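Q: Below is run_8.txt; it holds compact mmCIF, C-alpha atoms.
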```
# COMPACT_ATOMS: atom_id res chain seq x y z
CA MET A 112 151.25 48.09 92.55
CA GLY A 113 153.59 46.70 89.91
CA ARG A 114 157.35 46.47 89.99
CA ILE A 115 157.74 49.50 87.71
CA ASP A 116 155.86 51.67 90.22
CA LEU A 117 158.26 50.64 92.95
CA VAL A 118 161.25 51.35 90.70
CA ALA A 119 159.82 54.77 89.86
CA ILE A 120 159.31 55.62 93.53
CA VAL A 121 162.79 54.50 94.54
CA VAL A 122 164.55 56.22 91.65
CA SER A 123 162.77 59.55 92.06
CA ALA A 124 163.24 59.46 95.85
CA LEU A 125 166.98 58.80 95.39
CA LEU A 126 167.21 61.60 92.84
CA LEU A 127 165.45 64.02 95.17
CA GLY A 128 167.69 63.03 98.08
CA TYR A 129 170.84 63.33 96.00
CA ILE A 130 169.90 66.80 94.76
CA ILE A 131 169.14 68.06 98.27
CA GLU A 132 172.40 66.59 99.57
CA SER A 133 174.36 68.23 96.72
CA VAL A 134 172.85 71.61 97.50
CA ARG A 135 173.60 71.09 101.20
CA ARG A 136 177.26 70.38 100.39
CA ARG A 137 177.34 73.40 98.06
CA ARG A 138 178.20 71.22 95.09
CA LEU A 139 175.05 72.48 93.40
CA ARG A 140 173.88 76.04 93.73
CA GLU A 141 170.28 76.66 94.85
CA GLU A 142 169.78 78.70 91.70
CA TYR A 143 170.46 75.70 89.48
CA SER A 144 168.83 73.14 91.75
CA ILE A 145 165.31 74.53 91.45
CA LEU A 146 164.55 72.89 88.11
CA TRP A 147 166.07 69.61 89.27
CA LEU A 148 164.11 69.66 92.54
CA ALA A 149 160.89 70.35 90.67
CA THR A 150 161.60 67.43 88.33
CA ALA A 151 162.36 64.98 91.12
CA ALA A 152 159.44 66.15 93.28
CA VAL A 153 156.89 65.87 90.48
CA LEU A 154 158.17 62.44 89.47
CA LEU A 155 158.05 61.22 93.07
CA LEU A 156 154.58 62.61 93.62
CA LEU A 157 153.22 61.01 90.46
CA SER A 158 154.80 57.65 91.27
CA LEU A 159 153.32 57.69 94.78
CA VAL A 160 149.84 58.87 93.88
CA ARG A 161 148.62 56.39 91.27
CA PRO A 162 145.24 58.12 90.62
CA ALA A 163 146.98 61.38 89.80
CA LEU A 164 149.22 59.63 87.27
CA SER A 165 146.23 57.87 85.70
CA ILE A 166 144.30 61.12 85.35
CA LEU A 167 147.32 62.81 83.79
CA ALA A 168 147.91 59.88 81.43
CA SER A 169 144.34 59.86 80.17
CA ALA A 170 144.39 63.64 79.81
CA LEU A 171 147.47 63.32 77.59
CA GLY A 172 145.99 60.35 75.72
CA ILE A 173 148.64 57.95 77.03
CA LEU A 174 147.37 54.36 77.39
CA THR A 175 149.90 53.06 79.93
CA PRO A 176 150.01 55.44 82.93
CA VAL A 177 153.68 54.78 83.66
CA ASN A 178 154.57 56.13 80.22
CA ALA A 179 153.26 59.48 81.42
CA LEU A 180 156.19 59.51 83.85
CA PHE A 181 158.61 59.31 80.92
CA VAL A 182 156.80 62.08 79.09
CA ILE A 183 156.89 64.35 82.14
CA GLY A 184 160.54 63.49 82.81
CA PHE A 185 161.46 64.19 79.19
CA ALA A 186 159.67 67.54 79.26
CA PHE A 187 161.57 68.58 82.37
CA MET A 188 164.90 67.44 80.88
CA THR A 189 164.28 69.56 77.81
CA ILE A 190 163.62 72.62 79.95
CA ILE A 191 166.68 71.95 82.10
CA LEU A 192 169.00 71.49 79.11
CA LEU A 193 167.73 74.63 77.42
CA HIS A 194 168.20 76.52 80.67
CA PHE A 195 171.79 75.26 80.95
CA SER A 196 172.57 76.21 77.37
CA MET A 197 171.45 79.74 78.22
CA VAL A 198 173.55 79.77 81.36
CA ILE A 199 176.59 78.60 79.38
CA SER A 200 175.99 81.29 76.77
CA ARG A 201 175.85 83.94 79.46
CA LEU A 202 178.98 82.57 81.13
CA SER A 203 180.94 82.59 77.89
CA ARG A 204 179.90 86.18 77.21
CA GLU A 205 180.94 87.24 80.70
CA ASN A 206 184.15 85.26 80.32
CA ARG A 207 184.98 87.09 77.10
CA GLU A 208 184.22 90.49 78.63
CA LEU A 209 186.47 89.67 81.57
CA ALA A 210 189.31 88.58 79.30
CA GLN A 211 189.02 91.79 77.27
CA ARG A 212 188.86 94.03 80.33
CA TYR A 213 191.78 92.19 81.88
CA ALA A 214 193.97 92.38 78.77
CA LEU A 215 193.38 96.13 78.44
CA LEU A 216 194.12 96.68 82.13
CA VAL A 217 197.37 94.72 81.90
CA TYR A 218 198.36 96.88 78.95
CA ARG A 219 197.58 100.04 80.92
CA LEU A 220 199.64 98.78 83.86
CA GLN A 221 202.60 98.11 81.62
CA GLU A 222 202.37 101.58 80.16
CA GLU A 223 202.35 103.12 83.61
CA ARG A 224 205.20 100.93 84.72
CA ALA A 225 207.24 102.03 81.74
CA LEU A 226 206.89 105.62 82.98
CA ARG A 227 208.33 104.83 86.41
CA GLU A 228 211.97 105.07 87.44
CA PRO A 229 214.09 102.03 86.63
CA GLY A 230 215.06 100.05 89.70
CA GLU A 231 211.87 100.89 91.51
CA PRO A 232 210.53 97.70 93.08
CA ASP A 233 207.55 95.97 91.52
CA ASP A 234 204.27 96.12 93.35
CA ALA A 235 202.00 93.08 93.54
CA VAL A 236 199.83 94.22 90.65
CA THR A 237 202.83 94.54 88.36
CA VAL A 238 203.93 91.03 89.25
CA VAL A 239 200.54 89.70 88.29
CA ALA A 240 200.69 91.74 85.12
CA ARG A 241 204.09 90.32 84.21
CA GLN A 242 202.87 86.78 84.70
CA ALA A 243 199.98 87.55 82.39
CA ILE A 244 202.27 89.05 79.78
CA THR A 245 204.52 86.03 79.72
CA GLY A 246 201.38 83.99 79.16
CA HIS A 247 201.71 82.22 82.46
CA ILE A 248 198.55 81.95 84.48
CA GLU A 249 198.79 80.26 87.85
CA GLY A 250 196.30 77.60 88.76
CA GLY A 251 194.92 76.94 85.31
CA VAL A 252 191.28 77.05 84.36
CA MET B 233 191.14 120.68 61.19
CA GLN B 234 193.01 118.92 63.96
CA ARG B 235 195.09 115.94 62.97
CA GLN B 236 193.18 112.68 63.33
CA ARG B 237 194.60 110.05 65.61
CA ILE B 238 194.57 106.74 63.75
CA VAL B 239 195.36 103.29 65.09
CA ALA B 240 195.87 100.11 63.12
CA ILE B 241 194.36 97.14 64.94
CA VAL B 242 196.26 93.97 64.14
CA PRO B 243 194.57 90.85 65.51
CA ALA B 244 197.15 88.08 65.67
CA TYR B 245 196.79 84.43 66.52
CA ASN B 246 200.08 82.53 66.15
CA GLU B 247 201.41 85.13 63.73
CA ALA B 248 204.94 85.48 65.13
CA ALA B 249 206.38 84.66 61.69
CA SER B 250 204.44 87.22 59.66
CA LEU B 251 204.17 89.96 62.29
CA PRO B 252 207.54 91.68 61.58
CA HIS B 253 206.58 91.99 57.90
CA VAL B 254 203.12 93.38 58.81
CA VAL B 255 204.51 95.93 61.25
CA ARG B 256 207.20 97.00 58.77
CA ASP B 257 204.51 97.47 56.13
CA LEU B 258 202.36 99.57 58.49
CA ARG B 259 205.35 101.70 59.51
CA SER B 260 206.12 102.42 55.87
CA SER B 261 202.80 104.26 55.68
CA PRO B 262 203.20 108.06 55.66
CA LEU B 263 200.01 108.37 57.73
CA GLY B 264 201.84 108.11 61.06
CA LEU B 265 199.66 105.31 62.33
CA ASP B 266 199.83 103.94 65.82
CA ILE B 267 199.80 100.17 65.89
CA VAL B 268 198.19 97.83 68.40
CA VAL B 269 198.64 94.09 68.14
CA VAL B 270 195.87 92.08 69.81
CA ASP B 271 197.43 88.73 70.65
CA ASP B 272 194.45 86.39 70.72
CA GLY B 273 195.89 83.87 73.15
CA SER B 274 198.64 82.73 70.78
CA LYS B 275 200.62 79.59 71.55
CA ASP B 276 203.73 80.96 69.86
CA GLU B 277 205.89 84.03 70.49
CA THR B 278 203.45 86.50 68.97
CA SER B 279 203.36 88.80 72.02
CA VAL B 280 207.12 88.69 72.57
CA ILE B 281 207.87 89.45 68.92
CA ALA B 282 205.32 92.26 68.85
CA ARG B 283 206.80 93.83 71.98
CA GLN B 284 210.29 93.62 70.50
CA LEU B 285 208.95 95.44 67.45
CA GLY B 286 207.97 98.26 69.80
CA VAL B 287 204.25 98.34 69.08
CA ALA B 288 201.46 98.34 71.66
CA VAL B 289 200.48 94.79 72.55
CA VAL B 290 197.24 93.72 74.20
CA THR B 291 197.51 90.08 75.20
CA LEU B 292 194.29 88.14 75.71
CA PRO B 293 194.63 85.41 78.34
CA PHE B 294 193.05 82.81 76.05
CA ASN B 295 191.78 82.55 72.50
CA LEU B 296 188.55 84.48 71.90
CA GLY B 297 188.34 84.08 68.14
CA ILE B 298 188.62 86.82 65.54
CA GLY B 299 185.45 88.68 66.61
CA GLY B 300 186.56 88.94 70.24
CA ALA B 301 190.05 90.01 69.16
CA HIS B 302 188.71 92.72 66.83
CA GLN B 303 186.42 93.95 69.57
CA THR B 304 189.30 94.14 72.04
CA GLY B 305 191.06 96.35 69.49
CA PHE B 306 187.97 98.59 69.24
CA GLN B 307 187.85 98.86 73.03
CA TYR B 308 191.53 99.79 73.03
CA ALA B 309 190.89 102.48 70.41
CA VAL B 310 188.01 103.94 72.44
CA GLU B 311 189.90 103.79 75.74
CA TRP B 312 192.94 105.54 74.31
CA GLY B 313 190.95 108.18 72.45
CA TYR B 314 191.51 107.37 68.78
CA ASP B 315 189.41 109.01 66.07
CA ILE B 316 189.76 106.24 63.53
CA ALA B 317 190.76 102.58 63.67
CA VAL B 318 191.83 100.40 60.77
CA GLN B 319 191.39 96.63 60.97
CA PHE B 320 194.54 95.14 59.51
CA ASP B 321 195.11 91.39 59.47
CA GLY B 322 198.20 89.96 61.10
CA ASP B 323 198.81 87.45 58.32
CA GLY B 324 199.97 90.00 55.78
CA GLN B 325 197.04 89.87 53.37
CA HIS B 326 196.28 93.60 53.68
CA LEU B 327 198.44 96.37 52.25
CA ALA B 328 199.34 99.47 54.27
CA ARG B 329 199.55 101.60 51.13
CA GLU B 330 195.82 100.98 50.58
CA ILE B 331 194.80 102.37 53.99
CA PRO B 332 194.31 105.93 52.61
CA LEU B 333 191.61 104.49 50.31
CA LEU B 334 189.69 103.36 53.43
CA LEU B 335 190.16 106.69 55.20
CA GLY B 336 188.83 108.83 52.35
CA PRO B 337 185.07 108.34 52.90
CA ILE B 338 185.48 108.71 56.68
CA GLU B 339 187.52 111.89 56.48
CA ASN B 340 185.09 113.58 54.09
CA GLY B 341 182.22 112.61 56.39
CA GLY B 342 180.54 110.28 53.91
CA ALA B 343 180.76 107.08 55.94
CA ASP B 344 181.17 105.71 59.46
CA VAL B 345 182.59 102.38 58.31
CA VAL B 346 184.56 101.71 55.13
CA VAL B 347 185.18 98.21 53.81
CA GLY B 348 188.00 97.37 51.44
CA SER B 349 186.46 95.16 48.77
CA ARG B 350 188.36 92.83 46.49
CA PHE B 351 185.43 92.70 44.09
CA ALA B 352 184.12 96.27 43.97
CA ILE B 353 185.28 96.54 40.35
CA LYS B 354 184.10 93.69 38.15
CA GLY B 355 186.81 91.51 36.69
CA HIS B 356 189.49 92.95 38.94
CA GLY B 357 191.25 91.73 41.97
CA TYR B 358 191.78 88.59 43.89
CA ARG B 359 189.93 85.38 43.10
CA GLY B 360 189.95 82.58 45.62
CA ALA B 361 189.21 78.92 45.19
CA PRO B 362 185.84 78.38 43.43
CA ALA B 363 184.14 76.92 46.52
CA ARG B 364 185.30 79.83 48.62
CA ARG B 365 184.16 82.25 45.98
CA ALA B 366 180.73 80.57 45.85
CA GLY B 367 180.40 80.82 49.62
CA GLY B 368 181.25 84.51 49.44
CA VAL B 369 178.63 85.10 46.75
CA MET B 370 175.99 83.25 48.79
CA LEU B 371 176.71 85.39 51.84
CA SER B 372 176.67 88.55 49.74
CA VAL B 373 173.23 87.65 48.43
CA LEU B 374 172.01 86.89 51.93
CA VAL B 375 173.34 90.17 53.32
CA ARG B 376 171.73 91.98 50.39
CA LEU B 377 168.37 90.32 51.07
CA LEU B 378 168.52 91.06 54.78
CA SER B 379 169.89 94.59 54.63
CA GLY B 380 168.59 95.81 51.30
CA HIS B 381 172.09 97.04 50.49
CA VAL B 382 174.69 95.74 48.07
CA TYR B 383 178.07 94.77 49.44
CA THR B 384 180.46 93.12 47.03
CA ASP B 385 182.84 91.67 49.63
CA VAL B 386 181.07 90.79 52.88
CA THR B 387 183.95 88.69 54.22
CA SER B 388 186.60 91.39 53.89
CA GLY B 389 188.34 92.15 57.18
CA PHE B 390 190.13 95.21 55.78
CA ARG B 391 188.06 98.03 57.24
CA ALA B 392 188.17 101.45 58.83
CA LEU B 393 185.83 102.68 61.57
CA ASN B 394 185.29 106.22 62.81
CA ALA B 395 184.84 107.13 66.48
CA ARG B 396 181.07 106.70 66.37
CA ALA B 397 181.34 103.21 64.90
CA LEU B 398 184.11 102.33 67.36
CA HIS B 399 181.97 103.24 70.36
CA ILE B 400 179.26 100.90 69.11
CA ALA B 401 181.52 98.03 68.05
CA ALA B 402 183.32 98.19 71.40
CA VAL B 403 180.14 97.02 73.13
CA ASP B 404 178.14 95.29 70.39
CA TYR B 405 180.10 93.24 67.89
CA PRO B 406 179.54 89.68 66.64
CA GLN B 407 181.87 86.89 67.70
CA ASP B 408 183.46 83.95 65.86
CA PHE B 409 183.13 84.97 62.20
CA PRO B 410 182.21 88.63 62.50
CA GLU B 411 182.66 90.12 59.03
CA PRO B 412 179.32 89.49 57.26
CA GLU B 413 177.28 89.77 60.44
CA SER B 414 178.87 93.02 61.54
CA LEU B 415 177.61 94.70 58.36
CA LEU B 416 174.08 94.11 59.65
CA THR B 417 175.11 95.14 63.18
CA PHE B 418 176.41 98.47 61.84
CA ARG B 419 173.18 99.03 59.94
CA ARG B 420 171.16 98.27 63.06
CA TYR B 421 172.71 101.40 64.59
CA ASN B 422 172.19 103.38 61.37
CA LEU B 423 175.91 103.59 60.72
CA ARG B 424 176.78 104.43 57.13
CA VAL B 425 178.85 101.66 55.57
CA SER B 426 180.59 102.15 52.24
CA GLU B 427 182.96 100.08 50.13
CA VAL B 428 186.11 101.00 48.27
CA HIS B 429 188.08 98.82 45.90
CA THR B 430 191.31 97.44 47.32
CA ALA B 431 193.61 94.83 45.84
CA MET B 432 194.98 93.02 48.90
CA GLN B 433 197.35 90.13 48.63
CA GLY B 434 196.21 86.82 47.24
CA ARG B 435 196.81 84.88 50.40
CA VAL B 436 193.92 82.73 51.49
CA GLY B 437 193.39 83.54 55.13
CA GLY B 438 190.70 82.67 57.61
CA ILE B 439 188.53 79.82 56.45
CA SER B 440 190.41 77.37 54.35
CA SER B 441 188.32 75.76 51.64
CA ILE B 442 190.38 72.60 52.17
CA ASN B 443 188.48 71.65 55.30
CA LEU B 444 184.99 70.93 54.10
CA TRP B 445 183.47 70.48 57.55
CA ARG B 446 184.80 73.76 58.82
CA ALA B 447 183.57 75.50 55.69
CA ALA B 448 180.14 73.94 56.10
CA TYR B 449 180.02 74.92 59.75
CA TYR B 450 181.11 78.44 58.82
CA MET B 451 178.31 78.79 56.28
CA ILE B 452 175.65 77.43 58.64
CA LYS B 453 176.81 79.51 61.60
CA VAL B 454 177.05 82.73 59.57
CA THR B 455 173.72 82.18 57.81
CA LEU B 456 171.96 81.60 61.12
CA ALA B 457 173.72 84.55 62.74
CA LEU B 458 172.80 86.83 59.84
CA CYS B 459 169.11 85.89 59.97
CA ILE B 460 168.91 86.34 63.72
CA GLU B 461 170.96 89.54 63.67
CA ARG B 462 168.29 91.00 61.40
CA LEU B 463 165.70 90.44 64.17
CA ARG B 464 167.66 92.33 66.81
CA ALA B 465 167.16 95.85 68.09
CA PRO B 466 170.00 98.17 69.08
CA LEU B 467 171.25 97.76 72.66
CA ARG B 468 169.81 100.36 74.95
CA GLY B 469 172.06 103.23 75.89
CA VAL B 470 174.63 102.64 73.13
```
Here is a file; write its structure as structure tokens.
A:
Amino acid sequence: MGRIDLVAIVVSALLLGYIIESVRRRRLREEYSILWLATAAVLLLLSLVRPALSILASALGILTPVNALFVIGFAFMTIILLHFSMVISRLSRENRELAQRYALLVYRLQEERALREPGEPDDAVTVVARQAITGHIEGGV
Amino acid sequence: MQRQRIVAIVPAYNEAASLPHVVRDLRSSPLGLDIVVVDDGSKDETSVIARQLGVAVVTLPFNLGIGGAHQTGFQYAVEWGYDIAVQFDGDGQHLAREIPLLLGPIENGGADVVVGSRFAIKGHGYRGAPARRAGGVMLSVLVRLLSGHVYTDVTSGFRALNARALHIAAVDYPQDFPEPESLLTFRRYNLRVSEVHTAMQGRVGGISSINLWRAAYYMIKVTLALCIERLRAPLRGV
């Protein structure tokens, strides 16, 4: 077993451990951890089981087995990045829809408030609406 | 026939300076338009000024870009029961006295969407910088190839939509640079789009030809969006 094999084992084991720990601490949602876990697990498995890596390498026509690890890792990264781009696209769409819905609701609130008697105390919703109108959003993004 | 309720949708991003002029122009129209300003997350006093002018103001919490702002206006028009909406830019490049030209084809039932074109009559109207003009021609050709229909001014944001078109655009409308792409979106729902000649002011709004990178990005983004838009099917249930 060469030094590179040891490095591969250690690195993929650390990656796997870090991902599991992040999910445990709720810093990474299960939903988004699946692809990462699969990547780390496959890399670890292939680094541990030399024959499996060799078979895979020859099947792919790769002369140095350890290069197969890079190929597999790269393939997983591509899938993960594409997946994240899709998630971001969905989030930005949902974000836009929320902003639109919110702006129209604030307008409706204002209209209804304008119909009420002057001097009537503001309810909580109106306070929030006023903050929104003055362009002041607590907490930031 | 019952009187049509018409709203002018004025998307405004940092337009506090030109907004009073735009609102005054719209109010001079004998059509009795309602006006809604969609403040697209402006950094200046756009919302405050608009409210002082006494028009309806819908304030987006952050900048969505022109497509998102237009769409918010369409949603407003649907929610408050308007029959027709007119897209009217907040920078003063459109003329209120030309709105009746847009309404004609809708009111006689000939179109669902009417676009005010600066180039509908050859040799007339506004001419922008050559590069800008060339970009417009390229997009026109592309839209013609993809839709099979001739539009002389695909980047015009001076438009009128009837209730049917509004219901669709409220839920399915392109973002970022929506004008050329939305022509294909409308066709996807079999909406009838027609053009009328309008003069408009000469002001160069939107994409400045000064910034080459932005212009290049605009062309690439819109070209890609147009090609992909052609591959889409209508949303279910719209």
Q: Would you work out the distance separating CA of Thr189 (chain A) from CA of Leu171 (chain A), expressed in Å to one decimal?
A: 17.9 Å
Q: For region 197-211 of chain A, please output as a list in words all residues within 8 Å (counting all atoms listed in the file; exclusion window: fewer than 6 positions along the same chain).
A: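 The residues satisfying every condition are Leu292, Pro293, Phe294, Leu296, Gly300 and Thr304 of chain B.
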Q: Write out as a list in words every residue belonging to chain B that has an atom at most 10 Å from any atom of chain A, counting all atoms listed in the file.
A: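 Result, ordered by chain then number: Val270, Asp271, Gly273, Ser274, Lys275, Glu277, Ser279, Val280, Ala288, Val289, Val290, Thr291, Leu292, Pro293, Phe294, Asn295, Leu296, Gly300, Ala301, Gln303, Thr304, Gly305, Gln307, Tyr308, Glu311, Trp312, Val403 and Gln407 of chain B.
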Q: Mind writing the picked residues with C-alpha atoms as a tab-separated table (two decimals), in the coordinates of the input?
A:
```tsv
chain	number	residue	atom	x	y	z
B	270	VAL	CA	195.87	92.08	69.81
B	271	ASP	CA	197.43	88.73	70.65
B	273	GLY	CA	195.89	83.87	73.15
B	274	SER	CA	198.64	82.73	70.78
B	275	LYS	CA	200.62	79.59	71.55
B	277	GLU	CA	205.89	84.03	70.49
B	279	SER	CA	203.36	88.80	72.02
B	280	VAL	CA	207.12	88.69	72.57
B	288	ALA	CA	201.46	98.34	71.66
B	289	VAL	CA	200.48	94.79	72.55
B	290	VAL	CA	197.24	93.72	74.20
B	291	THR	CA	197.51	90.08	75.20
B	292	LEU	CA	194.29	88.14	75.71
B	293	PRO	CA	194.63	85.41	78.34
B	294	PHE	CA	193.05	82.81	76.05
B	295	ASN	CA	191.78	82.55	72.50
B	296	LEU	CA	188.55	84.48	71.90
B	300	GLY	CA	186.56	88.94	70.24
B	301	ALA	CA	190.05	90.01	69.16
B	303	GLN	CA	186.42	93.95	69.57
B	304	THR	CA	189.30	94.14	72.04
B	305	GLY	CA	191.06	96.35	69.49
B	307	GLN	CA	187.85	98.86	73.03
B	308	TYR	CA	191.53	99.79	73.03
B	311	GLU	CA	189.90	103.79	75.74
B	312	TRP	CA	192.94	105.54	74.31
B	403	VAL	CA	180.14	97.02	73.13
B	407	GLN	CA	181.87	86.89	67.70
```
Q: Quick one: pull the distance between CA of Val470 (chain B) and CA of Arg420 (chain B), Å, one decimal.
A: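 Pair CA of Val470 (chain B) / CA of Arg420 (chain B) returns 11.5 Å.
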Q: Within 7 Å of Asp266 (chain B), counting all atoms listed in the file, which residues show up once you throw out same-chain ones fewer than 4 positions away? Write them as a list in words, please.
A: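 Within the cut-off, the hits are Ile238, Val239 and Ala240 of chain B.
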Q: Need the shell around Pro176 (chain A): protein/DNA/RNA residues with any atom at most 8 Å away, counting only C-alpha atoms. Skip same-chain ones fewer than 3 positions apart. Format as a ChimeraX atom specification?
A: /A:164-165,167-169,173,179-180
Q: Just the number, please: distance in Å from CA of Gly264 (chain B) to CA of Arg235 (chain B), one decimal.
A: 10.5 Å
Q: In the coordinate frame of the file, compute which residues have an atom within 9 Å of (181.5, 96.6, 70.0) when using only C-alpha atoms, and state them as an MDAnalysis selection string.
A: chainID B and resid 302:304 306:307 397:406
Q: Would you mind telling me which residue in A:Phe195, A:Glu223, A:Ile166, A:Leu154 lies nearest to Val182 (chain A) when using only C-alpha atoms?
A: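 Checking each of A:Phe195, A:Glu223, A:Ile166, A:Leu154 against Val182 (chain A), counting only C-alpha atoms, the winner is A:Leu154.
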Q: As a PyMOL selection string, please: the residues near region 444-450 of chain B (cut-off 12 Å, only C-alpha atoms, same-chain neighbours under 3 positions excluded).
A: chain B and resi 363-368+371+387+408-412+438-441+453-458
Q: For region 343-419 of chain B in the structure I just supplied, write out C-alpha atoms - as an mmCIF file, in the first residue's frame.
A:
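Output below, filename result_36.cif:
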```cif
data_model
loop_
_atom_site.group_PDB
_atom_site.id
_atom_site.type_symbol
_atom_site.label_atom_id
_atom_site.label_comp_id
_atom_site.auth_asym_id
_atom_site.auth_seq_id
_atom_site.Cartn_x
_atom_site.Cartn_y
_atom_site.Cartn_z
ATOM 1 C CA ALA B 343 -55.699 41.323 -29.694
ATOM 2 C CA ASP B 344 -54.875 40.187 -26.170
ATOM 3 C CA VAL B 345 -51.557 42.036 -26.034
ATOM 4 C CA VAL B 346 -50.630 45.205 -27.910
ATOM 5 C CA VAL B 347 -47.043 46.404 -28.241
ATOM 6 C CA GLY B 348 -46.143 49.999 -29.002
ATOM 7 C CA SER B 349 -43.452 49.821 -31.667
ATOM 8 C CA ARG B 350 -41.003 52.569 -32.497
ATOM 9 C CA PHE B 351 -40.272 50.984 -35.865
ATOM 10 C CA ALA B 352 -43.660 49.788 -37.120
ATOM 11 C CA ILE B 353 -43.528 52.397 -39.890
ATOM 12 C CA LYS B 354 -40.296 52.356 -41.869
ATOM 13 C CA GLY B 355 -38.195 55.470 -41.653
ATOM 14 C CA HIS B 356 -40.163 56.878 -38.742
ATOM 15 C CA GLY B 357 -39.546 57.164 -35.096
ATOM 16 C CA TYR B 358 -36.768 56.863 -32.645
ATOM 17 C CA ARG B 359 -33.323 55.616 -33.611
ATOM 18 C CA GLY B 360 -30.918 54.591 -30.897
ATOM 19 C CA ALA B 361 -27.186 54.184 -30.995
ATOM 20 C CA PRO B 362 -26.099 51.926 -33.906
ATOM 21 C CA ALA B 363 -24.942 49.087 -31.646
ATOM 22 C CA ARG B 364 -28.204 49.147 -29.758
ATOM 23 C CA ARG B 365 -30.127 49.226 -32.995
ATOM 24 C CA ALA B 366 -28.139 46.235 -34.299
ATOM 25 C CA GLY B 367 -28.888 44.280 -31.127
ATOM 26 C CA GLY B 368 -32.576 45.053 -31.532
ATOM 27 C CA VAL B 369 -32.544 43.857 -35.148
ATOM 28 C CA MET B 370 -30.764 40.627 -34.157
ATOM 29 C CA LEU B 371 -33.367 39.906 -31.482
ATOM 30 C CA SER B 372 -36.192 40.723 -33.893
ATOM 31 C CA VAL B 373 -34.805 38.214 -36.376
ATOM 32 C CA LEU B 374 -34.437 35.608 -33.660
ATOM 33 C CA VAL B 375 -37.989 36.128 -32.405
ATOM 34 C CA ARG B 376 -39.213 35.921 -35.996
ATOM 35 C CA LEU B 377 -37.370 32.634 -36.545
ATOM 36 C CA LEU B 378 -38.631 31.137 -33.307
ATOM 37 C CA SER B 379 -42.221 32.362 -33.442
ATOM 38 C CA GLY B 380 -42.836 32.629 -37.159
ATOM 39 C CA HIS B 381 -44.249 36.101 -36.585
ATOM 40 C CA VAL B 382 -42.865 39.515 -37.411
ATOM 41 C CA TYR B 383 -42.409 41.983 -34.591
ATOM 42 C CA THR B 384 -40.652 45.218 -35.436
ATOM 43 C CA ASP B 385 -39.804 46.255 -31.872
ATOM 44 C CA VAL B 386 -39.235 43.271 -29.596
ATOM 45 C CA THR B 387 -37.603 45.320 -26.826
ATOM 46 C CA SER B 388 -40.463 47.786 -26.434
ATOM 47 C CA GLY B 389 -41.827 47.908 -22.889
ATOM 48 C CA PHE B 390 -44.811 50.059 -23.880
ATOM 49 C CA ARG B 391 -47.614 47.507 -23.931
ATOM 50 C CA ALA B 392 -51.220 46.847 -23.038
ATOM 51 C CA LEU B 393 -52.599 43.519 -21.805
ATOM 52 C CA ASN B 394 -56.221 42.425 -21.514
ATOM 53 C CA ALA B 395 -57.589 40.393 -18.597
ATOM 54 C CA ARG B 396 -56.806 37.062 -20.228
ATOM 55 C CA ALA B 397 -53.184 38.017 -20.850
ATOM 56 C CA LEU B 398 -52.913 39.453 -17.331
ATOM 57 C CA HIS B 399 -54.034 36.201 -15.731
ATOM 58 C CA ILE B 400 -51.309 34.353 -17.608
ATOM 59 C CA ALA B 401 -48.535 36.908 -17.116
ATOM 60 C CA ALA B 402 -49.325 37.068 -13.387
ATOM 61 C CA VAL B 403 -48.127 33.476 -13.021
ATOM 62 C CA ASP B 404 -45.858 32.902 -16.024
ATOM 63 C CA TYR B 405 -43.661 35.799 -17.065
ATOM 64 C CA PRO B 406 -39.931 35.915 -17.835
ATOM 65 C CA GLN B 407 -37.538 37.596 -15.430
ATOM 66 C CA ASP B 408 -34.520 39.891 -15.900
ATOM 67 C CA PHE B 409 -34.985 41.172 -19.468
ATOM 68 C CA PRO B 410 -38.554 40.135 -20.199
ATOM 69 C CA GLU B 411 -39.570 42.033 -23.337
ATOM 70 C CA PRO B 412 -38.401 39.808 -26.232
ATOM 71 C CA GLU B 413 -38.943 36.579 -24.327
ATOM 72 C CA SER B 414 -42.448 37.467 -23.198
ATOM 73 C CA LEU B 415 -43.546 37.681 -26.844
ATOM 74 C CA LEU B 416 -42.826 33.959 -27.112
ATOM 75 C CA THR B 417 -44.431 33.322 -23.706
ATOM 76 C CA PHE B 418 -47.638 35.006 -24.888
ATOM 77 C CA ARG B 419 -47.638 32.923 -28.052
#
```
